[in-house]
$ cat my_file.cif   # mmCIF, C-alpha atoms and all ligand atoms
data_entry
#
loop_
_atom_site.label_atom_id
_atom_site.label_comp_id
_atom_site.auth_asym_id
_atom_site.auth_seq_id
_atom_site.Cartn_x
_atom_site.Cartn_y
_atom_site.Cartn_z
CA MET X 1 88.20 -45.61 27.23
CA ILE X 2 88.11 -42.08 25.81
CA ILE X 3 86.81 -42.46 22.27
CA GLN X 4 87.78 -40.02 19.55
CA PRO X 5 87.02 -40.19 15.81
CA LYS X 6 89.74 -41.82 13.73
CA THR X 7 89.12 -41.04 10.08
CA LYS X 8 90.81 -42.18 6.93
CA GLY X 9 89.30 -40.54 3.86
CA PHE X 10 85.66 -41.49 3.86
CA ILE X 11 85.98 -44.08 6.65
CA CYS X 12 85.82 -43.61 10.41
CA THR X 13 87.25 -46.61 12.24
CA THR X 14 85.87 -45.74 15.68
CA ALA X 15 82.32 -45.20 16.91
CA HIS X 16 80.95 -43.70 20.12
CA PRO X 17 78.26 -45.76 21.91
CA VAL X 18 76.74 -42.83 23.79
CA GLY X 19 76.80 -40.62 20.68
CA CYS X 20 75.21 -43.39 18.58
CA LYS X 21 72.50 -43.81 21.21
CA GLU X 22 71.84 -40.07 21.13
CA ASN X 23 71.62 -40.19 17.33
CA VAL X 24 69.01 -42.98 17.54
CA ARG X 25 67.13 -41.16 20.34
CA ARG X 26 66.88 -38.01 18.25
CA GLN X 27 65.52 -39.94 15.27
CA ILE X 28 62.90 -41.58 17.51
CA GLU X 29 61.96 -38.21 18.95
CA TYR X 30 61.45 -36.82 15.45
CA ILE X 31 59.21 -39.73 14.43
CA ARG X 32 57.15 -39.44 17.60
CA SER X 33 56.62 -35.74 16.86
CA LEU X 34 54.78 -36.78 13.67
CA GLY X 35 52.12 -38.67 15.65
CA LYS X 36 51.08 -42.34 15.59
CA LYS X 37 49.79 -43.72 12.27
CA THR X 38 48.44 -47.10 11.15
CA GLY X 39 50.42 -49.36 8.84
CA ALA X 40 52.49 -52.54 8.67
CA LYS X 41 52.31 -54.73 11.78
CA ASN X 42 55.40 -56.89 11.34
CA VAL X 43 58.40 -55.54 9.46
CA LEU X 44 61.59 -57.23 8.31
CA ILE X 45 64.42 -54.81 7.51
CA ILE X 46 67.47 -56.21 5.74
CA GLY X 47 70.29 -53.68 6.32
CA ALA X 48 68.68 -52.26 9.48
CA SER X 49 71.57 -50.80 11.45
CA THR X 50 72.56 -47.53 9.75
CA GLY X 51 71.41 -44.99 7.16
CA TYR X 52 68.13 -45.59 5.36
CA GLY X 53 67.51 -49.03 6.87
CA LEU X 54 67.82 -47.79 10.45
CA ALA X 55 65.59 -44.80 9.66
CA SER X 56 63.02 -47.21 8.15
CA ARG X 57 63.14 -49.33 11.28
CA ILE X 58 62.68 -46.33 13.58
CA SER X 59 59.84 -44.92 11.44
CA THR X 60 57.86 -48.15 11.36
CA ALA X 61 58.46 -49.06 15.01
CA PHE X 62 57.83 -45.67 16.59
CA GLY X 63 55.46 -44.25 13.96
CA LEU X 64 53.33 -47.30 13.20
CA GLY X 65 53.94 -49.38 16.32
CA SER X 66 55.36 -52.19 14.15
CA ALA X 67 57.24 -55.20 15.46
CA THR X 68 60.64 -55.07 13.73
CA LEU X 69 63.14 -57.76 12.91
CA GLY X 70 66.43 -56.32 11.66
CA VAL X 71 69.27 -58.00 9.76
CA MET X 72 72.69 -56.36 9.64
CA TYR X 73 76.40 -57.10 9.41
CA GLU X 74 78.17 -55.31 12.25
CA LYS X 75 81.18 -55.88 14.49
CA GLU X 76 81.00 -56.14 18.25
CA SER X 77 83.73 -54.54 20.38
CA ASN X 78 86.62 -56.76 21.47
CA GLY X 79 87.26 -54.53 24.49
CA LYS X 80 90.21 -52.78 22.84
CA ARG X 81 88.46 -51.55 19.71
CA THR X 82 85.02 -49.96 19.61
CA ALA X 83 82.11 -51.81 18.00
CA THR X 84 80.86 -50.47 14.68
CA ALA X 85 78.30 -47.65 14.71
CA GLY X 86 75.60 -50.02 13.42
CA TRP X 87 76.18 -52.35 16.37
CA TYR X 88 75.71 -49.49 18.87
CA ASN X 89 72.72 -48.12 16.92
CA THR X 90 71.04 -51.52 17.01
CA LYS X 91 71.63 -51.98 20.73
CA ALA X 92 70.24 -48.47 21.40
CA PHE X 93 67.26 -49.03 19.12
CA GLU X 94 66.37 -52.32 20.83
CA ASP X 95 66.63 -50.73 24.29
CA PHE X 96 64.34 -47.84 23.31
CA ALA X 97 61.88 -50.17 21.56
CA HIS X 98 61.72 -52.65 24.46
CA ALA X 99 61.15 -49.78 26.91
CA GLN X 100 58.03 -48.96 24.88
CA GLY X 101 56.87 -52.58 24.82
CA LEU X 102 57.69 -52.94 21.12
CA TYR X 103 58.96 -56.23 19.68
CA ALA X 104 62.50 -55.70 18.32
CA LYS X 105 65.00 -58.43 17.53
CA SER X 106 68.11 -58.29 15.40
CA ILE X 107 70.15 -60.87 13.53
CA ASN X 108 73.78 -59.98 13.01
CA GLY X 109 75.32 -61.84 10.09
CA ASP X 110 75.75 -62.02 6.32
CA ALA X 111 72.35 -61.38 4.72
CA PHE X 112 73.59 -62.95 1.47
CA SER X 113 74.03 -66.31 3.19
CA LYS X 114 71.51 -69.15 3.34
CA GLU X 115 72.17 -69.52 7.06
CA ILE X 116 71.03 -65.97 7.92
CA LYS X 117 67.98 -66.30 5.67
CA GLU X 118 67.04 -69.52 7.51
CA LYS X 119 67.67 -67.98 10.93
CA THR X 120 65.48 -65.01 10.00
CA ILE X 121 62.65 -67.26 8.79
CA GLN X 122 62.87 -69.33 11.97
CA THR X 123 62.61 -66.16 14.08
CA ILE X 124 59.60 -64.90 12.11
CA ARG X 125 57.90 -68.30 12.50
CA GLU X 126 58.48 -68.45 16.23
CA ASP X 127 57.80 -64.82 17.13
CA LEU X 128 55.67 -63.13 14.48
CA GLY X 129 54.02 -65.74 12.27
CA THR X 130 54.28 -63.61 9.13
CA VAL X 131 55.68 -60.25 8.01
CA ASP X 132 53.71 -57.72 5.98
CA LEU X 133 56.56 -55.40 5.02
CA VAL X 134 60.05 -56.38 3.85
CA ILE X 135 62.58 -53.57 3.38
CA TYR X 136 65.73 -54.37 1.45
CA SER X 137 68.29 -51.68 2.36
CA LEU X 138 71.62 -53.44 1.89
CA ALA X 139 74.69 -51.51 0.84
CA ALA X 140 77.55 -53.98 0.80
CA PRO X 141 81.08 -53.93 -0.59
CA LYS X 142 81.11 -57.64 -1.39
CA ARG X 143 79.09 -60.84 -1.58
CA VAL X 144 80.43 -64.27 -0.72
CA MET X 145 78.63 -67.09 -2.54
CA GLU X 146 77.89 -70.54 -1.08
CA ASP X 147 80.83 -72.02 -3.05
CA GLY X 148 83.25 -69.39 -1.71
CA THR X 149 83.32 -67.20 -4.84
CA VAL X 150 83.61 -63.53 -3.86
CA TYR X 151 82.03 -60.72 -5.88
CA GLN X 152 83.06 -57.11 -5.25
CA SER X 153 81.03 -53.98 -5.77
CA THR X 154 82.92 -51.24 -7.65
CA LEU X 155 82.11 -47.57 -8.14
CA ARG X 156 83.31 -46.88 -11.66
CA THR X 157 82.12 -45.57 -15.00
CA ILE X 158 81.17 -47.78 -17.91
CA GLY X 159 82.80 -47.40 -21.33
CA LYS X 160 84.94 -44.28 -20.93
CA PRO X 161 86.71 -42.31 -18.19
CA PHE X 162 84.94 -39.40 -16.51
CA THR X 163 86.71 -36.24 -15.40
CA GLU X 164 85.01 -33.72 -13.14
CA LYS X 165 85.54 -31.36 -10.24
CA SER X 166 85.75 -33.27 -7.00
CA TRP X 167 86.08 -32.47 -3.32
CA ASP X 168 89.04 -34.42 -1.95
CA LEU X 169 87.76 -35.29 1.53
CA GLU X 170 91.17 -36.24 2.91
CA LYS X 171 92.97 -33.07 1.79
CA ASP X 172 89.79 -30.98 2.07
CA LYS X 173 90.33 -29.22 -1.24
CA LEU X 174 88.84 -29.00 -4.67
CA ILE X 175 90.58 -31.11 -7.27
CA THR X 176 89.89 -32.51 -10.72
CA ALA X 177 89.33 -36.24 -10.51
CA THR X 178 89.17 -38.90 -13.18
CA ILE X 179 87.30 -42.14 -12.74
CA GLU X 180 88.43 -44.97 -14.95
CA PRO X 181 85.92 -47.31 -16.60
CA ALA X 182 85.19 -50.68 -15.05
CA SER X 183 86.13 -54.02 -16.57
CA GLU X 184 83.35 -56.43 -17.53
CA GLU X 185 84.16 -58.44 -14.41
CA GLU X 186 83.71 -55.34 -12.21
CA ILE X 187 80.38 -54.51 -13.86
CA GLN X 188 79.11 -58.04 -13.26
CA GLY X 189 80.51 -58.10 -9.71
CA THR X 190 78.69 -54.87 -8.79
CA LYS X 191 75.45 -56.30 -10.20
CA LYS X 192 75.87 -59.48 -8.12
CA VAL X 193 76.37 -57.46 -4.93
CA MET X 194 74.03 -54.49 -5.38
CA GLY X 195 71.57 -55.82 -8.00
CA GLY X 196 68.32 -57.63 -7.38
CA GLU X 197 69.38 -61.30 -7.24
CA ASP X 198 69.65 -61.48 -3.46
CA TRP X 199 66.43 -59.48 -2.93
CA MET X 200 64.64 -62.10 -5.07
CA LEU X 201 66.30 -64.93 -3.08
CA TRP X 202 65.00 -63.40 0.15
CA ILE X 203 61.45 -63.07 -1.18
CA GLU X 204 61.50 -66.62 -2.60
CA ALA X 205 62.73 -68.02 0.72
CA LEU X 206 60.14 -66.07 2.75
CA GLU X 207 57.34 -67.12 0.40
CA LYS X 208 58.40 -70.77 0.38
CA ALA X 209 58.42 -70.79 4.18
CA LYS X 210 54.94 -69.18 4.15
CA VAL X 211 56.02 -66.30 6.38
CA LEU X 212 54.86 -63.54 4.01
CA SER X 213 51.36 -62.18 4.64
CA HIS X 214 48.88 -61.95 1.81
CA HIS X 215 49.09 -58.46 0.23
CA ALA X 216 52.51 -57.84 1.85
CA MET X 217 54.79 -55.14 0.49
CA THR X 218 58.50 -55.21 -0.25
CA LEU X 219 60.66 -52.16 -0.96
CA ALA X 220 64.25 -51.78 -2.16
CA TYR X 221 66.05 -48.43 -2.18
CA SER X 222 67.65 -46.82 -5.18
CA TYR X 223 69.10 -43.54 -6.41
CA ILE X 224 69.13 -41.66 -9.73
CA GLY X 225 70.49 -38.12 -9.22
CA PRO X 226 71.24 -35.35 -11.71
CA GLU X 227 72.76 -35.77 -15.17
CA ARG X 228 76.06 -34.34 -13.97
CA THR X 229 76.71 -37.42 -11.84
CA TYR X 230 75.23 -39.91 -14.37
CA PRO X 231 78.66 -41.20 -15.55
CA VAL X 232 79.68 -42.18 -12.01
CA TYR X 233 76.26 -43.20 -10.68
CA TYR X 234 73.21 -43.71 -12.87
CA GLN X 235 75.15 -44.84 -15.96
CA GLY X 236 78.03 -46.32 -13.99
CA THR X 237 78.50 -49.75 -12.42
CA ILE X 238 76.20 -48.99 -9.48
CA GLY X 239 73.53 -47.64 -11.84
CA GLN X 240 73.58 -50.92 -13.79
CA ALA X 241 73.12 -52.81 -10.54
CA LYS X 242 70.21 -50.52 -9.61
CA GLU X 243 68.64 -51.15 -13.02
CA ASP X 244 68.78 -54.85 -12.22
CA LEU X 245 67.15 -54.11 -8.85
CA GLN X 246 64.37 -52.31 -10.72
CA GLU X 247 63.85 -55.28 -13.06
CA THR X 248 63.68 -57.47 -9.97
CA ALA X 249 60.80 -55.38 -8.58
CA LYS X 250 58.86 -56.14 -11.78
CA ASN X 251 59.78 -59.83 -11.58
CA ILE X 252 58.70 -60.07 -7.94
CA ARG X 253 55.34 -58.48 -8.78
CA LYS X 254 54.88 -60.98 -11.63
CA SER X 255 56.12 -64.08 -9.82
CA PHE X 256 54.15 -63.54 -6.62
CA SER X 257 50.92 -62.12 -8.03
CA SER X 258 48.89 -64.89 -6.35
CA LEU X 259 50.07 -63.49 -3.00
CA ASP X 260 49.25 -59.99 -4.24
CA LEU X 261 52.77 -59.06 -3.18
CA GLN X 262 53.54 -55.42 -3.91
CA ALA X 263 57.17 -54.83 -4.81
CA TYR X 264 58.52 -51.35 -5.40
CA ILE X 265 61.73 -49.47 -5.87
CA CYS X 266 61.83 -46.37 -3.74
CA VAL X 267 64.19 -43.71 -5.12
CA ASN X 268 65.63 -41.82 -2.16
CA LYS X 269 67.43 -38.51 -1.77
CA ALA X 270 71.23 -38.19 -1.79
CA LEU X 271 72.43 -38.24 1.82
CA VAL X 272 75.70 -38.81 3.61
CA THR X 273 75.80 -42.40 4.88
CA GLN X 274 78.62 -44.89 5.29
CA ALA X 275 77.82 -46.28 1.84
CA SER X 276 77.38 -43.01 -0.07
CA SER X 277 80.52 -41.32 1.23
CA ALA X 278 82.54 -43.93 -0.67
CA ILE X 279 81.29 -42.72 -4.07
CA PRO X 280 83.85 -40.47 -5.85
CA ILE X 281 82.85 -36.97 -7.14
CA VAL X 282 79.44 -37.30 -5.47
CA PRO X 283 80.47 -35.63 -2.12
CA LEU X 284 80.83 -32.26 -3.88
CA TYR X 285 77.34 -32.65 -5.30
CA PHE X 286 76.04 -33.56 -1.82
CA ALA X 287 77.60 -30.47 -0.22
CA LEU X 288 76.21 -28.14 -2.92
CA LEU X 289 72.81 -29.84 -2.75
CA TYR X 290 72.72 -29.50 1.05
CA ARG X 291 73.41 -25.75 0.71
CA VAL X 292 70.57 -25.25 -1.79
CA MET X 293 68.02 -27.51 -0.10
CA LYS X 294 68.67 -26.06 3.36
CA LYS X 295 68.30 -22.52 2.01
CA LYS X 296 64.96 -23.48 0.44
CA GLY X 297 63.77 -25.28 3.58
CA LEU X 298 63.58 -28.57 1.65
CA HIS X 299 66.42 -30.50 3.26
CA GLU X 300 65.58 -33.86 4.84
CA ASP X 301 67.91 -36.36 6.49
CA CYS X 302 67.38 -40.15 6.43
CA ILE X 303 64.76 -39.98 9.18
CA GLY X 304 63.03 -37.05 7.46
CA GLN X 305 62.85 -39.07 4.25
CA MET X 306 61.67 -42.28 5.85
CA GLY X 307 59.22 -40.46 8.12
CA ARG X 308 57.60 -38.92 5.03
CA LEU X 309 57.62 -42.31 3.27
CA PHE X 310 56.09 -44.50 5.98
CA LEU X 311 53.96 -41.96 7.84
CA ASP X 312 52.59 -40.14 4.83
CA LYS X 313 53.15 -41.56 1.32
CA LEU X 314 52.52 -45.20 2.23
CA LEU X 315 49.54 -44.77 4.56
CA PRO X 316 46.85 -47.36 3.69
CA GLU X 317 44.19 -44.67 3.22
CA LYS X 318 46.29 -42.93 0.56
CA THR X 319 46.60 -43.89 -3.11
CA LEU X 320 50.23 -44.77 -3.68
CA GLU X 321 51.82 -42.35 -6.16
CA LEU X 322 54.23 -44.02 -8.59
CA ASP X 323 56.23 -42.66 -11.52
CA GLU X 324 56.07 -44.04 -15.08
CA GLU X 325 58.44 -46.87 -14.08
CA SER X 326 56.27 -47.80 -11.06
CA ARG X 327 58.79 -46.32 -8.62
CA ILE X 328 58.12 -44.35 -5.45
CA ARG X 329 59.96 -41.02 -5.67
CA MET X 330 61.34 -39.72 -2.40
CA ASP X 331 63.87 -37.70 -4.42
CA ASP X 332 61.03 -35.40 -5.52
CA TYR X 333 62.41 -32.33 -3.70
CA GLU X 334 66.01 -33.05 -4.69
CA MET X 335 65.09 -33.32 -8.36
CA ARG X 336 62.93 -30.18 -8.43
CA GLN X 337 63.96 -28.02 -11.37
CA ASP X 338 64.67 -24.94 -9.25
CA VAL X 339 66.85 -26.99 -6.87
CA GLN X 340 68.86 -28.58 -9.67
CA ALA X 341 69.27 -25.26 -11.52
CA GLU X 342 70.80 -23.68 -8.40
CA VAL X 343 73.07 -26.65 -7.73
CA ASP X 344 74.20 -26.50 -11.33
CA ALA X 345 75.00 -22.78 -11.12
CA LEU X 346 77.01 -23.37 -7.94
CA TRP X 347 78.83 -26.29 -9.54
CA GLN X 348 80.02 -24.05 -12.34
CA GLN X 349 81.20 -21.36 -9.92
CA VAL X 350 82.84 -23.55 -7.28
CA ASN X 351 86.63 -23.41 -7.14
CA GLU X 352 89.45 -23.97 -4.66
CA ASP X 353 88.99 -20.54 -3.06
CA ASN X 354 85.21 -20.50 -2.62
CA LEU X 355 84.55 -24.21 -1.85
CA HIS X 356 83.63 -23.68 1.80
CA GLU X 357 81.57 -20.62 0.98
CA LEU X 358 79.46 -22.15 -1.80
CA ALA X 359 79.20 -25.73 -0.56
CA ASP X 360 77.80 -26.87 2.79
CA THR X 361 81.01 -28.70 3.65
CA LYS X 362 80.30 -28.24 7.36
CA GLY X 363 76.87 -29.85 6.96
CA TYR X 364 78.51 -32.74 5.13
CA TRP X 365 81.07 -33.33 7.89
CA ASP X 366 78.50 -32.91 10.66
CA ASP X 367 76.39 -35.64 9.05
CA PHE X 368 79.45 -37.82 8.51
CA TYR X 369 80.61 -37.64 12.15
CA HIS X 370 77.09 -38.09 13.48
CA LEU X 371 76.96 -41.45 11.63
CA PHE X 372 79.62 -42.66 14.07
CA GLY X 373 78.17 -40.93 17.11
CA PHE X 374 80.66 -38.04 17.20
CA PHE X 375 80.03 -34.31 17.71
CA MET X 376 76.49 -34.98 18.87
CA PRO X 377 75.30 -32.02 20.93
CA GLY X 378 75.11 -32.68 24.67
CA ILE X 379 77.65 -35.52 24.81
CA ASP X 380 80.85 -35.18 26.81
CA TYR X 381 83.48 -36.85 24.66
CA ASN X 382 86.18 -36.48 27.31
CA GLN X 383 84.39 -38.96 29.59
CA GLU X 384 85.61 -42.54 30.00
CA THR X 385 83.14 -44.67 28.03
CA GLU X 386 82.36 -48.39 28.22
CA VAL X 387 82.77 -49.83 24.73
P1 LIG K 401 74.46 -47.81 4.92
O1 LIG K 401 75.89 -48.11 4.68
O2 LIG K 401 74.14 -46.77 5.94
O3 LIG K 401 73.66 -49.15 5.35
C1 LIG K 401 73.95 -50.40 4.86
C2 LIG K 401 73.30 -51.48 5.71
O4 LIG K 401 73.56 -52.75 5.09
C3 LIG K 401 73.83 -51.58 7.15
O5 LIG K 401 72.76 -51.89 8.02
C4 LIG K 401 74.80 -52.77 7.07
O6 LIG K 401 74.98 -53.46 8.31
C5 LIG K 401 74.05 -53.64 6.08
N1 LIG K 401 74.90 -54.65 5.43
C6 LIG K 401 75.95 -54.47 4.61
N2 LIG K 401 76.44 -55.66 4.18
C7 LIG K 401 75.66 -56.62 4.75
C8 LIG K 401 75.63 -58.03 4.70
N3 LIG K 401 76.50 -58.72 3.95
N4 LIG K 401 74.70 -58.67 5.45
C9 LIG K 401 73.81 -58.00 6.22
N5 LIG K 401 73.77 -56.67 6.28
C10 LIG K 401 74.68 -55.98 5.55
O7 LIG K 401 73.86 -47.43 3.50
P2 LIG K 401 72.61 -46.58 2.98
O8 LIG K 401 73.14 -45.39 2.29
O9 LIG K 401 71.57 -46.45 4.00
O10 LIG K 401 72.11 -47.56 1.81
C11 LIG K 401 70.99 -48.39 1.90
C12 LIG K 401 70.32 -48.46 0.53
O11 LIG K 401 69.84 -47.14 0.20
C13 LIG K 401 71.28 -48.87 -0.59
O12 LIG K 401 70.59 -49.69 -1.51
C14 LIG K 401 71.62 -47.54 -1.25
O13 LIG K 401 72.00 -47.67 -2.59
C15 LIG K 401 70.27 -46.83 -1.12
N6 LIG K 401 70.32 -45.37 -1.29
C16 LIG K 401 71.23 -44.58 -0.61
C17 LIG K 401 71.27 -43.22 -0.84
C18 LIG K 401 72.24 -42.33 -0.15
O14 LIG K 401 72.48 -41.22 -0.62
N7 LIG K 401 72.81 -42.74 0.95
C19 LIG K 401 70.33 -42.57 -1.78
C20 LIG K 401 69.36 -43.47 -2.35
C21 LIG K 401 69.39 -44.81 -2.14
#
$ encode --input "my_file.cif" --output "structure tokens" --more "lines below"
Ligand code: NAI
Amino acid sequence: MIIQPKTKGFICTTAHPVGCKENVRRQIEYIRSLGKKTGAKNVLIIGASTGYGLASRISTAFGLGSATLGVMYEKESNGKRTATAGWYNTKAFEDFAHAQGLYAKSINGDAFSKEIKEKTIQTIREDLGTVDLVIYSLAAPKRVMEDGTVYQSTLRTIGKPFTEKSWDLEKDKLITATIEPASEEEIQGTKKVMGGEDWMLWIEALEKAKVLSHHAMTLAYSYIGPERTYPVYYQGTIGQAKEDLQETAKNIRKSFSSLDLQAYICVNKALVTQASSAIPIVPLYFALLYRVMKKKGLHEDCIGQMGRLFLDKLLPEKTLELDEESRIRMDDYEMRQDVQAEVDALWQQVNEDNLHELADTKGYWDDFYHLFGFFMPGIDYNQETEV
């Protein structure tokens, strides 16, 4: 079929297999340009098919030569509808990895479930023995418990409403948006989905099954951002969940000290991904940040961030730099004072007339469409494509 993007607000319901493959190929090419480094041998990535998880998988496989086992929740095509981007990305990644003789297997299913945890452990046992790096990069809208209870993740403020300038993606104009505070149930639901409980369950299950190497490392990704977005992010429902994730890192370090398991939160840069484009008010910040960081030559995409993390910051010969809360800071460039001061000045100036001039709205949309394999240079989108 001829596949075109079908968008609805921040969602694109189609994905292009050839474009997704090209997106993965480009990320691999970038990592290979950094040269081969030494690091983790066997890596488990939970949330491995898009965004930061996919970039982590590509960085470790093609930069360190790691065997990678990926867990994701993606939909296959039914012949009439395209598969999801993450499904195509995973297929492309596996093909590229296998062509290089790299071990790469993927488990498609609900990472929150016992069944997928067991299947993953079984695969590690049979194929790898143990893993020495576990990356937790889930961004999920909901979590279904064993007893059928469903928890939803909500992107709301806590306590009081928050009104700010916002870029309405559907109407492509600047508006003033108000986000209403979450109920207690919504706060708890977000914590259940995006907090640390499931990360801990994974580590407990892996340890119990003796498939974690001694001195292994586990990372979970988080975000902080500038004070302007605190009400909707850092001090909002998602921020509370991330605080719980941070507590979990401490608890993992304490509980598994006999294994010398290193558990860290890695605070990443704000980037357009399927998960982040759902956060209200934040897209305007992203587009202004992109403008400033690109102008200063500081902009990185997911693969740029993860390449710097795994092929520089985390190299075994380097002393790991942590902040006062024992976190790895990959948002170091984003949070630089000069960067934030310029973003802030632009934020104050931006209005309906100058939105496209002051904000990198084109950069935002390019990144968004690339997530689904569209508008990739060199791809003929008028060609019939096998889905
Ligand atoms: P994403 O939407 O690109 O990736 C989410 C991944 O989780 C996909 O591989 C998806 O298949 C998987 N997934 C979702 N539900 C699942 C389930 N039930 N079972 C198995 N797999 C499931 O999101 P992104 O942005 O890469 O987020 C990953 C992590 O990075 C999140 O913790 C997010 O908060 C964090 N982060 C994101 C930033 C951003 O600006 N995008 C900034 C800093 C941190």
$ closest_residue --input "my_file.cif" --among "X:Ile58, X:Leu69, X:Ala263, X:Leu289" --to "X:Glu29" --atoms "only C-alpha atoms"
X:Ile58
$ residues_near_ligand --input "my_file.cif" --ligand "ligand LIG 401 (chain K)" --cutoff "7 Å" --atoms "all atoms listed in the file" --output "compact mmCIF listing (two decimals) with C-alpha atoms, in the coordinates of the input"
# COMPACT_ATOMS: atom_id res chain seq x y z
CA ILE X 46 67.47 -56.21 5.74
CA GLY X 47 70.29 -53.68 6.32
CA ALA X 48 68.68 -52.26 9.48
CA SER X 49 71.57 -50.80 11.45
CA THR X 50 72.56 -47.53 9.75
CA GLY X 51 71.41 -44.99 7.16
CA TYR X 52 68.13 -45.59 5.36
CA GLY X 53 67.51 -49.03 6.87
CA LEU X 54 67.82 -47.79 10.45
CA VAL X 71 69.27 -58.00 9.76
CA MET X 72 72.69 -56.36 9.64
CA TYR X 73 76.40 -57.10 9.41
CA GLU X 74 78.17 -55.31 12.25
CA GLY X 86 75.60 -50.02 13.42
CA GLY X 109 75.32 -61.84 10.09
CA ASP X 110 75.75 -62.02 6.32
CA ALA X 111 72.35 -61.38 4.72
CA PHE X 112 73.59 -62.95 1.47
CA SER X 137 68.29 -51.68 2.36
CA LEU X 138 71.62 -53.44 1.89
CA ALA X 139 74.69 -51.51 0.84
CA ALA X 140 77.55 -53.98 0.80
CA PRO X 141 81.08 -53.93 -0.59
CA ARG X 143 79.09 -60.84 -1.58
CA ALA X 220 64.25 -51.78 -2.16
CA TYR X 221 66.05 -48.43 -2.18
CA SER X 222 67.65 -46.82 -5.18
CA TYR X 223 69.10 -43.54 -6.41
CA VAL X 267 64.19 -43.71 -5.12
CA ASN X 268 65.63 -41.82 -2.16
CA LYS X 269 67.43 -38.51 -1.77
CA ALA X 270 71.23 -38.19 -1.79
CA LEU X 271 72.43 -38.24 1.82
CA VAL X 272 75.70 -38.81 3.61
CA THR X 273 75.80 -42.40 4.88
CA GLN X 274 78.62 -44.89 5.29
CA ALA X 275 77.82 -46.28 1.84
CA SER X 276 77.38 -43.01 -0.07
$ residues_around --input "my_file.cif" --residues "stretch 207-216 of chain X" --least-positions-apart "6" --cutoff "10 Å" --atoms "all atoms listed in the file" --output "PyMOL selection string"
chain X and resi 40+42-43+118+121-122+124-125+128-134+201+256-263
$ residues_around --input "my_file.cif" --residues "stretch 310-317 of chain X" --least-positions-apart "5" --cutoff "10 Å" --atoms "only C-alpha atoms" --output "list in words"
Ile31, Leu34, Gly35, Lys36, Lys37, Thr38, Gly39, Ala40, Ser56, Ser59, Thr60, Gly63, Leu64, Gln305, Ile328, Arg329 and Met330 of chain X
$ write_last_selection --input "my_file.cif" --atoms "C-alpha atoms" --output "tab-separated table (two decimals), keeping the file's coordinate frame"
chain	number	residue	atom	x	y	z
X	31	ILE	CA	59.21	-39.73	14.43
X	34	LEU	CA	54.78	-36.78	13.67
X	35	GLY	CA	52.12	-38.67	15.65
X	36	LYS	CA	51.08	-42.34	15.59
X	37	LYS	CA	49.79	-43.72	12.27
X	38	THR	CA	48.44	-47.10	11.15
X	39	GLY	CA	50.42	-49.36	8.84
X	40	ALA	CA	52.49	-52.54	8.67
X	56	SER	CA	63.02	-47.21	8.15
X	59	SER	CA	59.84	-44.92	11.44
X	60	THR	CA	57.86	-48.15	11.36
X	63	GLY	CA	55.46	-44.25	13.96
X	64	LEU	CA	53.33	-47.30	13.20
X	305	GLN	CA	62.85	-39.07	4.25
X	328	ILE	CA	58.12	-44.35	-5.45
X	329	ARG	CA	59.96	-41.02	-5.67
X	330	MET	CA	61.34	-39.72	-2.40
$ atom_distance --input "my_file.cif" --atom1 "atom CA of X:Glu94" --atom2 "atom CA of X:Tyr30"
17.1 Å
$ atom_distance --input "my_file.cif" --atom1 "atom CA of X:Gln100" --atom2 "atom CA of X:Val24"
14.5 Å
$ atom_distance --input "my_file.cif" --atom1 "atom CA of X:Thr82" --atom2 "atom CA of X:Thr14"
5.8 Å
$ residues_around --input "my_file.cif" --residues "X:Asp332" --least-positions-apart "6" --cutoff "12 Å" --atoms "only C-alpha atoms" --output "number ranges by chain"
X: 223-226, 266-270, 293, 298-300, 305, 308-309, 321-323, 338-340
$ residues_around --input "my_file.cif" --residues "X:Gly9" --least-positions-apart "6" --cutoff "10 Å" --atoms "all atoms listed in the file" --output "JSON, numbers by chain"
{"X": [168, 169, 170, 171, 172, 277, 278]}
$ residues_near_point --input "my_file.cif" --point "(77.3, -38.4, 16.3)" --cutoff "12 Å" --atoms "only C-alpha atoms" --output "PyMOL selection string"
chain X and resi 3-5+12+14-27+85+88-89+365-381
$ closest_residue --input "my_file.cif" --among "X:Thr218, X:Ser166, X:Ser113, X:Asn354" --to "X:Ile279" --atoms "all atoms listed in the file"
X:Ser166
$ closest_residue --input "my_file.cif" --among "X:Ala61, X:Leu346, X:Val232, X:Ile303" --to "X:Thr154" --atoms "only C-alpha atoms"
X:Val232
$ closest_residue --input "my_file.cif" --among "X:Lys173, X:Lys117, X:Lys296, X:Lys191" --to "X:Arg336" --atoms "all atoms listed in the file"
X:Lys296
$ closest_residue --input "my_file.cif" --among "X:Gly148, X:Gly307, X:Gly363, X:Gly196" --to "X:Ile238" --atoms "all atoms listed in the file"
X:Gly196
$ residues_near_point --input "my_file.cif" --point "(83.8, -45.1, -19.2)" --cutoff "9 Å" --atoms "only C-alpha atoms" --output "compact mmCIF listing (two decimals) with C-alpha atoms, in the frame of the given file"
# COMPACT_ATOMS: atom_id res chain seq x y z
CA ARG X 156 83.31 -46.88 -11.66
CA THR X 157 82.12 -45.57 -15.00
CA ILE X 158 81.17 -47.78 -17.91
CA GLY X 159 82.80 -47.40 -21.33
CA LYS X 160 84.94 -44.28 -20.93
CA PRO X 161 86.71 -42.31 -18.19
CA PHE X 162 84.94 -39.40 -16.51
CA ILE X 179 87.30 -42.14 -12.74
CA GLU X 180 88.43 -44.97 -14.95
CA PRO X 181 85.92 -47.31 -16.60
CA ALA X 182 85.19 -50.68 -15.05
CA PRO X 231 78.66 -41.20 -15.55
CA VAL X 232 79.68 -42.18 -12.01
CA GLY X 236 78.03 -46.32 -13.99
